[in-house]
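The file my_file-v9.cif comes next; it holds mmCIF, C-alpha atoms, pLDDT in the B column; chains and numbers go by the auth columns.
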data_final
loop_
_atom_site.group_PDB
_atom_site.id
_atom_site.type_symbol
_atom_site.label_atom_id
_atom_site.label_comp_id
_atom_site.label_asym_id
_atom_site.label_seq_id
_atom_site.Cartn_x
_atom_site.Cartn_y
_atom_site.Cartn_z
_atom_site.B_iso_or_equiv
_atom_site.auth_seq_id
_atom_site.auth_asym_id
ATOM 1 C CA MET A 1 42.365 -47.262 32.134 60.00 1 A
ATOM 2 C CA ASP A 2 40.474 -49.905 30.157 59.00 2 A
ATOM 3 C CA GLU A 3 37.419 -49.372 32.345 67.00 3 A
ATOM 4 C CA VAL A 4 37.458 -45.623 31.638 61.00 4 A
ATOM 5 C CA VAL A 5 37.703 -46.225 27.872 55.00 5 A
ATOM 6 C CA SER A 6 34.893 -48.761 28.096 63.00 6 A
ATOM 7 C CA GLN A 7 32.661 -46.275 29.921 67.00 7 A
ATOM 8 C CA ILE A 8 33.381 -43.557 27.340 67.00 8 A
ATOM 9 C CA LEU A 9 32.567 -45.922 24.459 63.00 9 A
ATOM 10 C CA GLU A 10 29.377 -47.023 26.179 69.00 10 A
ATOM 11 C CA LYS A 11 28.254 -43.417 26.583 70.00 11 A
ATOM 12 C CA GLN A 12 28.988 -42.720 22.908 72.00 12 A
ATOM 13 C CA VAL A 13 26.995 -45.762 21.797 67.00 13 A
ATOM 14 C CA LEU A 14 24.063 -44.813 24.029 73.00 14 A
ATOM 15 C CA SER A 15 24.184 -41.239 22.746 74.00 15 A
ATOM 16 C CA ALA A 16 24.139 -42.410 19.111 71.00 16 A
ATOM 17 C CA ALA A 17 21.271 -44.812 19.822 73.00 17 A
ATOM 18 C CA LYS A 18 19.323 -42.018 21.519 75.00 18 A
ATOM 19 C CA ALA A 19 19.807 -39.750 18.498 79.00 19 A
ATOM 20 C CA VAL A 20 18.507 -42.458 16.153 79.00 20 A
ATOM 21 C CA GLU A 21 15.545 -43.107 18.457 81.00 21 A
ATOM 22 C CA ASP A 22 14.706 -39.395 18.605 79.00 22 A
ATOM 23 C CA LYS A 23 14.851 -39.160 14.808 80.00 23 A
ATOM 24 C CA LEU A 24 12.482 -42.108 14.446 78.00 24 A
ATOM 25 C CA ASP A 25 10.124 -40.586 17.011 76.00 25 A
ATOM 26 C CA GLU A 26 10.051 -37.361 14.987 80.00 26 A
ATOM 27 C CA GLU A 27 9.237 -39.226 11.779 75.00 27 A
ATOM 28 C CA ILE A 28 6.491 -41.259 13.475 77.00 28 A
ATOM 29 C CA ALA A 29 5.016 -38.106 14.991 76.00 29 A
ATOM 30 C CA ALA A 30 5.043 -36.422 11.583 75.00 30 A
ATOM 31 C CA LEU A 31 3.169 -39.369 10.077 70.00 31 A
ATOM 32 C CA ASP A 32 0.653 -39.300 12.936 72.00 32 A
ATOM 33 C CA ARG A 33 -0.104 -35.663 12.124 75.00 33 A
ATOM 34 C CA LEU A 34 -1.021 -36.470 8.533 74.00 34 A
ATOM 35 C CA ASP A 35 -4.671 -36.766 7.651 76.00 35 A
ATOM 36 C CA PRO A 36 -5.942 -39.453 5.224 77.00 36 A
ATOM 37 C CA ASP A 37 -5.797 -37.049 2.269 76.00 37 A
ATOM 38 C CA ASP A 38 -2.131 -36.254 2.957 75.00 38 A
ATOM 39 C CA ILE A 39 -1.265 -39.943 3.197 75.00 39 A
ATOM 40 C CA GLU A 40 -3.067 -40.688 -0.065 81.00 40 A
ATOM 41 C CA ALA A 41 -1.251 -37.802 -1.771 81.00 41 A
ATOM 42 C CA LEU A 42 2.109 -39.129 -0.566 81.00 42 A
ATOM 43 C CA ARG A 43 1.198 -42.623 -1.749 81.00 43 A
ATOM 44 C CA GLU A 44 0.169 -41.360 -5.184 85.00 44 A
ATOM 45 C CA ARG A 45 3.353 -39.318 -5.496 86.00 45 A
ATOM 46 C CA ARG A 46 5.459 -42.349 -4.639 86.00 46 A
ATOM 47 C CA ILE A 47 3.601 -44.495 -7.153 88.00 47 A
ATOM 48 C CA GLN A 48 4.240 -41.880 -9.859 87.00 48 A
ATOM 49 C CA GLN A 49 7.946 -41.776 -8.946 85.00 49 A
ATOM 50 C CA MET A 50 8.208 -45.565 -9.138 90.00 50 A
ATOM 51 C CA ARG A 51 6.355 -45.629 -12.468 89.00 51 A
ATOM 52 C CA HIS A 52 8.630 -42.935 -13.893 88.00 52 A
ATOM 53 C CA ALA A 53 11.730 -44.825 -12.717 86.00 53 A
ATOM 54 C CA ALA A 54 10.468 -48.060 -14.298 90.00 54 A
ATOM 55 C CA GLU A 55 9.799 -46.288 -17.592 91.00 55 A
ATOM 56 C CA ARG A 56 13.281 -44.787 -17.620 90.00 56 A
ATOM 57 C CA ARG A 57 14.878 -48.161 -16.930 89.00 57 A
ATOM 58 C CA ALA A 58 12.855 -49.779 -19.694 93.00 58 A
ATOM 59 C CA LYS A 59 13.973 -47.075 -22.123 93.00 59 A
ATOM 60 C CA TRP A 60 17.618 -47.457 -21.086 93.00 60 A
ATOM 61 C CA ARG A 61 17.546 -51.225 -21.490 93.00 61 A
ATOM 62 C CA ALA A 62 15.933 -50.890 -24.916 94.00 62 A
ATOM 63 C CA LEU A 63 18.971 -48.809 -25.919 95.00 63 A
ATOM 64 C CA GLY A 64 21.378 -51.515 -24.747 96.00 64 A
ATOM 65 C CA HIS A 65 22.070 -50.233 -21.246 97.00 65 A
ATOM 66 C CA GLY A 66 22.827 -52.866 -18.612 96.00 66 A
ATOM 67 C CA GLU A 67 25.167 -54.797 -20.914 97.00 67 A
ATOM 68 C CA TYR A 68 28.736 -54.245 -22.088 98.00 68 A
ATOM 69 C CA THR A 69 28.783 -54.718 -25.850 98.00 69 A
ATOM 70 C CA GLU A 70 31.040 -54.116 -28.827 98.00 70 A
ATOM 71 C CA VAL A 71 29.915 -51.748 -31.561 97.00 71 A
ATOM 72 C CA PRO A 72 31.451 -51.190 -35.007 96.00 72 A
ATOM 73 C CA GLU A 73 32.917 -47.836 -35.891 96.00 73 A
ATOM 74 C CA LYS A 74 29.887 -46.727 -37.922 94.00 74 A
ATOM 75 C CA GLU A 75 27.529 -47.276 -34.956 96.00 75 A
ATOM 76 C CA PHE A 76 29.493 -45.240 -32.422 97.00 76 A
ATOM 77 C CA PHE A 77 27.910 -41.883 -33.282 95.00 77 A
ATOM 78 C CA SER A 78 24.346 -43.216 -33.312 96.00 78 A
ATOM 79 C CA ALA A 79 24.961 -44.859 -29.923 97.00 79 A
ATOM 80 C CA ALA A 80 26.381 -41.611 -28.552 97.00 80 A
ATOM 81 C CA LYS A 81 23.337 -39.672 -29.765 97.00 81 A
ATOM 82 C CA ALA A 82 20.816 -42.207 -28.443 97.00 82 A
ATOM 83 C CA SER A 83 22.154 -42.335 -24.863 97.00 83 A
ATOM 84 C CA GLU A 84 22.649 -39.294 -22.673 97.00 84 A
ATOM 85 C CA ARG A 85 25.668 -40.942 -21.015 98.00 85 A
ATOM 86 C CA LEU A 86 28.061 -43.371 -22.690 98.00 86 A
ATOM 87 C CA VAL A 87 31.446 -44.887 -21.835 98.00 87 A
ATOM 88 C CA CYS A 88 33.381 -46.241 -24.820 98.00 88 A
ATOM 89 C CA HIS A 89 36.447 -48.431 -24.376 98.00 89 A
ATOM 90 C CA PHE A 90 38.890 -48.226 -27.282 98.00 90 A
ATOM 91 C CA TYR A 91 40.814 -51.460 -27.129 98.00 91 A
ATOM 92 C CA ARG A 92 43.026 -53.985 -28.819 97.00 92 A
ATOM 93 C CA ASP A 93 43.498 -57.651 -27.957 96.00 93 A
ATOM 94 C CA ASN A 94 46.000 -57.347 -25.119 97.00 94 A
ATOM 95 C CA TRP A 95 46.113 -57.886 -21.369 96.00 95 A
ATOM 96 C CA PRO A 96 45.560 -54.285 -20.175 97.00 96 A
ATOM 97 C CA CYS A 97 42.430 -53.982 -22.303 98.00 97 A
ATOM 98 C CA LYS A 98 41.113 -57.300 -20.980 98.00 98 A
ATOM 99 C CA VAL A 99 41.498 -55.946 -17.431 98.00 99 A
ATOM 100 C CA VAL A 100 39.321 -52.969 -18.370 98.00 100 A
ATOM 101 C CA ASP A 101 36.820 -55.288 -20.068 98.00 101 A
ATOM 102 C CA LYS A 102 36.241 -57.197 -16.838 98.00 102 A
ATOM 103 C CA HIS A 103 35.656 -54.060 -14.792 98.00 103 A
ATOM 104 C CA LEU A 104 33.327 -52.523 -17.371 98.00 104 A
ATOM 105 C CA SER A 105 31.303 -55.730 -17.601 98.00 105 A
ATOM 106 C CA ILE A 106 30.580 -55.359 -13.885 97.00 106 A
ATOM 107 C CA LEU A 107 29.850 -51.624 -14.023 97.00 107 A
ATOM 108 C CA ALA A 108 27.523 -51.945 -17.006 97.00 108 A
ATOM 109 C CA LYS A 109 25.194 -54.141 -14.952 96.00 109 A
ATOM 110 C CA GLN A 110 25.396 -51.862 -11.908 95.00 110 A
ATOM 111 C CA HIS A 111 24.857 -48.588 -13.746 97.00 111 A
ATOM 112 C CA VAL A 112 21.970 -48.960 -16.163 96.00 112 A
ATOM 113 C CA GLU A 113 21.743 -45.170 -16.406 96.00 113 A
ATOM 114 C CA THR A 114 24.816 -45.271 -18.668 97.00 114 A
ATOM 115 C CA ARG A 115 25.610 -47.268 -21.783 98.00 115 A
ATOM 116 C CA PHE A 116 28.942 -49.129 -21.870 98.00 116 A
ATOM 117 C CA VAL A 117 30.436 -50.127 -25.225 98.00 117 A
ATOM 118 C CA LYS A 118 33.800 -50.943 -26.722 98.00 118 A
ATOM 119 C CA VAL A 119 35.355 -50.307 -30.129 98.00 119 A
ATOM 120 C CA HIS A 120 38.289 -52.209 -31.597 98.00 120 A
ATOM 121 C CA ALA A 121 40.727 -49.369 -32.273 98.00 121 A
ATOM 122 C CA GLU A 122 42.513 -51.097 -35.151 96.00 122 A
ATOM 123 C CA LYS A 123 39.175 -51.615 -36.931 97.00 123 A
ATOM 124 C CA ALA A 124 38.122 -47.994 -36.439 97.00 124 A
ATOM 125 C CA PRO A 125 40.867 -45.824 -38.009 97.00 125 A
ATOM 126 C CA PHE A 126 38.596 -42.861 -38.751 97.00 126 A
ATOM 127 C CA LEU A 127 37.167 -42.743 -35.241 97.00 127 A
ATOM 128 C CA THR A 128 40.496 -43.177 -33.439 97.00 128 A
ATOM 129 C CA GLU A 129 42.047 -40.411 -35.526 97.00 129 A
ATOM 130 C CA LYS A 130 39.068 -38.078 -35.023 96.00 130 A
ATOM 131 C CA LEU A 131 39.087 -38.601 -31.241 97.00 131 A
ATOM 132 C CA ARG A 132 42.915 -38.657 -31.096 96.00 132 A
ATOM 133 C CA ILE A 133 43.096 -42.081 -29.492 97.00 133 A
ATOM 134 C CA VAL A 134 46.777 -42.995 -29.127 96.00 134 A
ATOM 135 C CA VAL A 135 47.256 -45.078 -25.976 97.00 135 A
ATOM 136 C CA LEU A 136 45.258 -48.237 -25.362 97.00 136 A
ATOM 137 C CA PRO A 137 43.210 -48.828 -23.336 98.00 137 A
ATOM 138 C CA THR A 138 41.442 -45.459 -23.481 98.00 138 A
ATOM 139 C CA LEU A 139 37.943 -44.765 -22.205 98.00 139 A
ATOM 140 C CA ALA A 140 36.075 -41.990 -23.986 98.00 140 A
ATOM 141 C CA ILE A 141 33.465 -40.411 -21.721 98.00 141 A
ATOM 142 C CA VAL A 142 30.545 -39.148 -23.766 98.00 142 A
ATOM 143 C CA LYS A 143 27.702 -36.968 -22.502 98.00 143 A
ATOM 144 C CA ASN A 144 24.961 -35.559 -24.698 97.00 144 A
ATOM 145 C CA ALA A 145 26.737 -36.839 -27.821 96.00 145 A
ATOM 146 C CA LYS A 146 29.998 -35.029 -26.963 97.00 146 A
ATOM 147 C CA VAL A 147 33.268 -36.550 -25.784 97.00 147 A
ATOM 148 C CA GLU A 148 33.980 -34.611 -22.593 97.00 148 A
ATOM 149 C CA ASP A 149 36.755 -36.597 -20.935 98.00 149 A
ATOM 150 C CA TYR A 150 39.159 -39.506 -21.313 98.00 150 A
ATOM 151 C CA VAL A 151 40.658 -42.111 -19.010 98.00 151 A
ATOM 152 C CA VAL A 152 43.946 -43.017 -20.656 98.00 152 A
ATOM 153 C CA GLY A 153 45.788 -46.141 -19.591 97.00 153 A
ATOM 154 C CA PHE A 154 45.988 -46.823 -15.854 97.00 154 A
ATOM 155 C CA ASP A 155 47.755 -43.646 -14.699 96.00 155 A
ATOM 156 C CA GLU A 156 44.664 -42.280 -12.937 96.00 156 A
ATOM 157 C CA LEU A 157 43.903 -45.675 -11.418 96.00 157 A
ATOM 158 C CA GLY A 158 47.128 -46.170 -9.500 94.00 158 A
ATOM 159 C CA GLY A 159 49.378 -46.881 -12.476 95.00 159 A
ATOM 160 C CA LYS A 160 48.983 -50.659 -12.186 95.00 160 A
ATOM 161 C CA ASP A 161 46.536 -53.284 -13.389 95.00 161 A
ATOM 162 C CA ASP A 162 45.447 -54.340 -9.897 96.00 162 A
ATOM 163 C CA PHE A 163 43.018 -51.454 -9.434 97.00 163 A
ATOM 164 C CA SER A 164 39.543 -52.385 -8.241 97.00 164 A
ATOM 165 C CA THR A 165 36.185 -51.964 -9.943 97.00 165 A
ATOM 166 C CA GLU A 166 35.369 -49.327 -7.334 96.00 166 A
ATOM 167 C CA ASP A 167 38.496 -47.356 -8.304 97.00 167 A
ATOM 168 C CA LEU A 168 37.312 -47.154 -11.898 97.00 168 A
ATOM 169 C CA GLU A 169 33.751 -46.476 -10.759 97.00 169 A
ATOM 170 C CA GLU A 170 34.882 -43.487 -8.684 96.00 170 A
ATOM 171 C CA ARG A 171 36.907 -42.118 -11.608 97.00 171 A
ATOM 172 C CA LEU A 172 33.907 -42.328 -13.928 98.00 172 A
ATOM 173 C CA ALA A 173 31.704 -40.730 -11.282 97.00 173 A
ATOM 174 C CA LYS A 174 34.058 -37.733 -11.153 96.00 174 A
ATOM 175 C CA SER A 175 33.218 -37.127 -14.810 97.00 175 A
ATOM 176 C CA GLN A 176 29.523 -37.464 -13.910 96.00 176 A
ATOM 177 C CA VAL A 177 28.947 -40.126 -16.532 97.00 177 A
ATOM 178 C CA ILE A 178 27.587 -42.510 -13.872 97.00 178 A
ATOM 179 C CA PHE A 179 25.696 -42.013 -10.616 94.00 179 A
ATOM 180 C CA LEU A 180 27.171 -43.457 -7.429 88.00 180 A
ATOM 181 C CA ASP A 181 23.804 -43.026 -5.707 73.00 181 A
ATOM 182 C CA GLY A 182 20.295 -42.365 -6.837 47.00 182 A
ATOM 183 C CA GLU A 183 17.471 -43.745 -8.881 47.00 183 A
ATOM 184 C CA GLY A 184 19.534 -44.565 -11.916 48.00 184 A
ATOM 185 C CA SER A 185 22.090 -46.717 -10.144 49.00 185 A
ATOM 186 C CA THR A 186 21.707 -50.355 -9.214 43.00 186 A
ATOM 187 C CA LYS A 187 25.024 -50.287 -7.360 47.00 187 A
ATOM 188 C CA GLN A 188 25.183 -52.494 -4.278 46.00 188 A
ATOM 189 C CA ALA A 189 27.745 -51.781 -1.599 44.00 189 A
ATOM 190 C CA ALA A 190 30.572 -54.284 -1.669 46.00 190 A
ATOM 191 C CA ALA A 191 32.140 -55.536 1.545 38.00 191 A
ATOM 192 C CA THR A 192 35.505 -55.923 -0.171 37.00 192 A
ATOM 193 C CA LYS A 193 37.057 -54.443 -3.256 44.00 193 A
ATOM 194 C CA ARG A 194 36.837 -56.585 -6.365 46.00 194 A
ATOM 195 C CA SER A 195 40.044 -57.111 -8.286 48.00 195 A
ATOM 196 C CA VAL A 196 40.457 -58.831 -11.633 52.00 196 A
ATOM 197 C CA ARG A 197 44.208 -58.914 -11.469 50.00 197 A
ATOM 198 C CA GLN A 198 45.835 -62.226 -12.410 47.00 198 A
ATOM 199 C CA SER A 199 49.307 -63.436 -11.579 41.00 199 A
ATOM 200 C CA ASP A 200 50.674 -63.101 -15.116 45.00 200 A
ATOM 201 C CA THR A 201 50.208 -59.329 -15.365 47.00 201 A
ATOM 202 C CA GLY A 202 51.538 -57.270 -18.213 48.00 202 A
ATOM 203 C CA ASN A 203 52.169 -53.577 -18.800 48.00 203 A
ATOM 204 C CA SER A 204 49.605 -51.038 -17.678 48.00 204 A
ATOM 205 C CA SER A 205 49.128 -49.505 -21.114 50.00 205 A
ATOM 206 C CA ASP A 206 49.990 -50.129 -24.725 54.00 206 A
ATOM 207 C CA SER A 207 50.874 -47.415 -27.180 44.00 207 A
ATOM 208 C CA GLU A 208 49.784 -47.821 -30.753 47.00 208 A
#

So, in terms of structure tokens, how does the structure I just supplied come out?
Amino acid sequence: MDEVVSQILEKQVLSAAKAVEDKLDEEIAALDRLDPDDIEALRERRIQQMRHAAERRAKWRALGHGEYTEVPEKEFFSAAKASERLVCHFYRDNWPCKVVDKHLSILAKQHVETRFVKVHAEKAPFLTEKLRIVVLPTLAIVKNAKVEDYVVGFDELGGKDDFSTEDLEERLAKSQVIFLDGEGSTKQAAATKRSVRQSDTGNSSDSE
């Protein structure tokens, strides 16, 4: 029985390897068919794409992308207008909000296409009332200067504080405020899920 399974697996591996080899052969053949002008055109196009990507990254970083920073209430609207995509964490000084802080610090560096900020809810009464922020932590998801979605507490992240950075990343990606793949993302695949949970955990959310 084991020998039969082994033979089947071997055939599957060989079949997959053959498919990869055939694909590479096709790509090599396509390159061989290109004349010097075609190759130069492809090279120039790639250079332009790389230059455009570098310019976009420079612009994002100039706006504060790539870092997770705190902004005062009066700067929230200007930040929302300046960046096409923004995630704002409304927080207070408690354990659940610190859990979110740690995850967002990681995601801010991985997703320079989006700005990540936080606002102290108790120091921003006008803003919290206007956006109807009640439960902390709450993430306001802002696109094109409009709040389009919220992540309230940990309910959508498993209901506990031991969710991983990837769990939060996937939730934000569903709102299309970050890119899981593509030019804007600097995300590197992780072999294991990162958790910032500590042994002395508290409640998953805190109502004002």

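The gap separating CA of Lys11 (chain A) from CA of Lys23 (chain A) is 18.3 Å, in Å to one decimal.
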
Inset, instruction - Run the PyMOL selection byres ((chain A and resi 69) around 7) against the file shown and list the residues it catches, as a VMD selection string. - result: chain A and resid 67 to 68 70 to 71 116 to 118

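Taking CA of Ser83 (chain A) as the reference point, CA of Trp95 (chain A) is found at 28.8 Å.
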
Inset, instruction - Between A:Thr138, A:Arg57, A:Glu73, A:Ala62, single out the one closest to Val112 (chain A), counting only C-alpha atoms. - result: A:Arg57

Inset, instruction - Would you list the residues near (47.4, -50.3, -28.8), meaning any protein, DNA or RNA residue with an atom at most 10 Å from that point in file coordinates, counting all atoms listed in the file, as a PyMOL selection string? - result: chain A and resi 90-94+96-97+120-122+133-138+205-208

Legend entry - Computed interatomic separation between CA of Glu27 (chain A) and CA of Ile47 (chain A) (Å): 20.4 Å

Inset, instruction - Could you tell me which of A:Val99, A:Ala108, A:Leu168, A:Val87 comes closest to Gly66 (chain A) if we count all atoms listed in the file? - result: A:Ala108

Inset, instruction - List, as a ChimeraX atom specification, every residue that the PyMOL selection byres ((chain A and resi 86) around 9) selects in the file provided. - result: /A:79-80,83-85,87-88,114-117,140-145,177-178

Inset, instruction - Using all atoms listed in the file, pick whichever of A:Asp162, A:Glu113, A:His103, A:Asp25 has the shortest atom-to-atom distance to Ala58 (chain A). - result: A:Glu113

Quick one: what's the axis-aligned box for region 30-48 of chain A, all listed atoms, 4 Å on every side, centre and edges in Å to one decimal, as lines of an AutoDock Vina configuration file?
center_x = -0.2
center_y = -40.1
center_z = 1.5
size_x = 19.4
size_y = 16.8
size_z = 30.8

Legend entry - Contact residues around Leu63 (chain A) with all atoms listed in the file at 8 Å, ignoring same-chain residues under 2 positions, as a ChimeraX atom specification: /A:59-61,65,82-83,115

Deliver the residues from the most recent selection as a file, using C-alpha atoms, as a CSV table (one decimal), keeping the file's coordinate frame.
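The resulting file, result_22.csv, is shown below:
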chain,number,residue,atom,x,y,z
A,59,LYS,CA,14.0,-47.1,-22.1
A,60,TRP,CA,17.6,-47.5,-21.1
A,61,ARG,CA,17.5,-51.2,-21.5
A,65,HIS,CA,22.1,-50.2,-21.2
A,82,ALA,CA,20.8,-42.2,-28.4
A,83,SER,CA,22.2,-42.3,-24.9
A,115,ARG,CA,25.6,-47.3,-21.8

Inset, instruction - Give the answer as one residue: which of A:Arg132, A:Arg33, A:His89, A:Lys98 has the shortest atom-to-atom distance to Val119 (chain A), using only C-alpha atoms? - result: A:His89
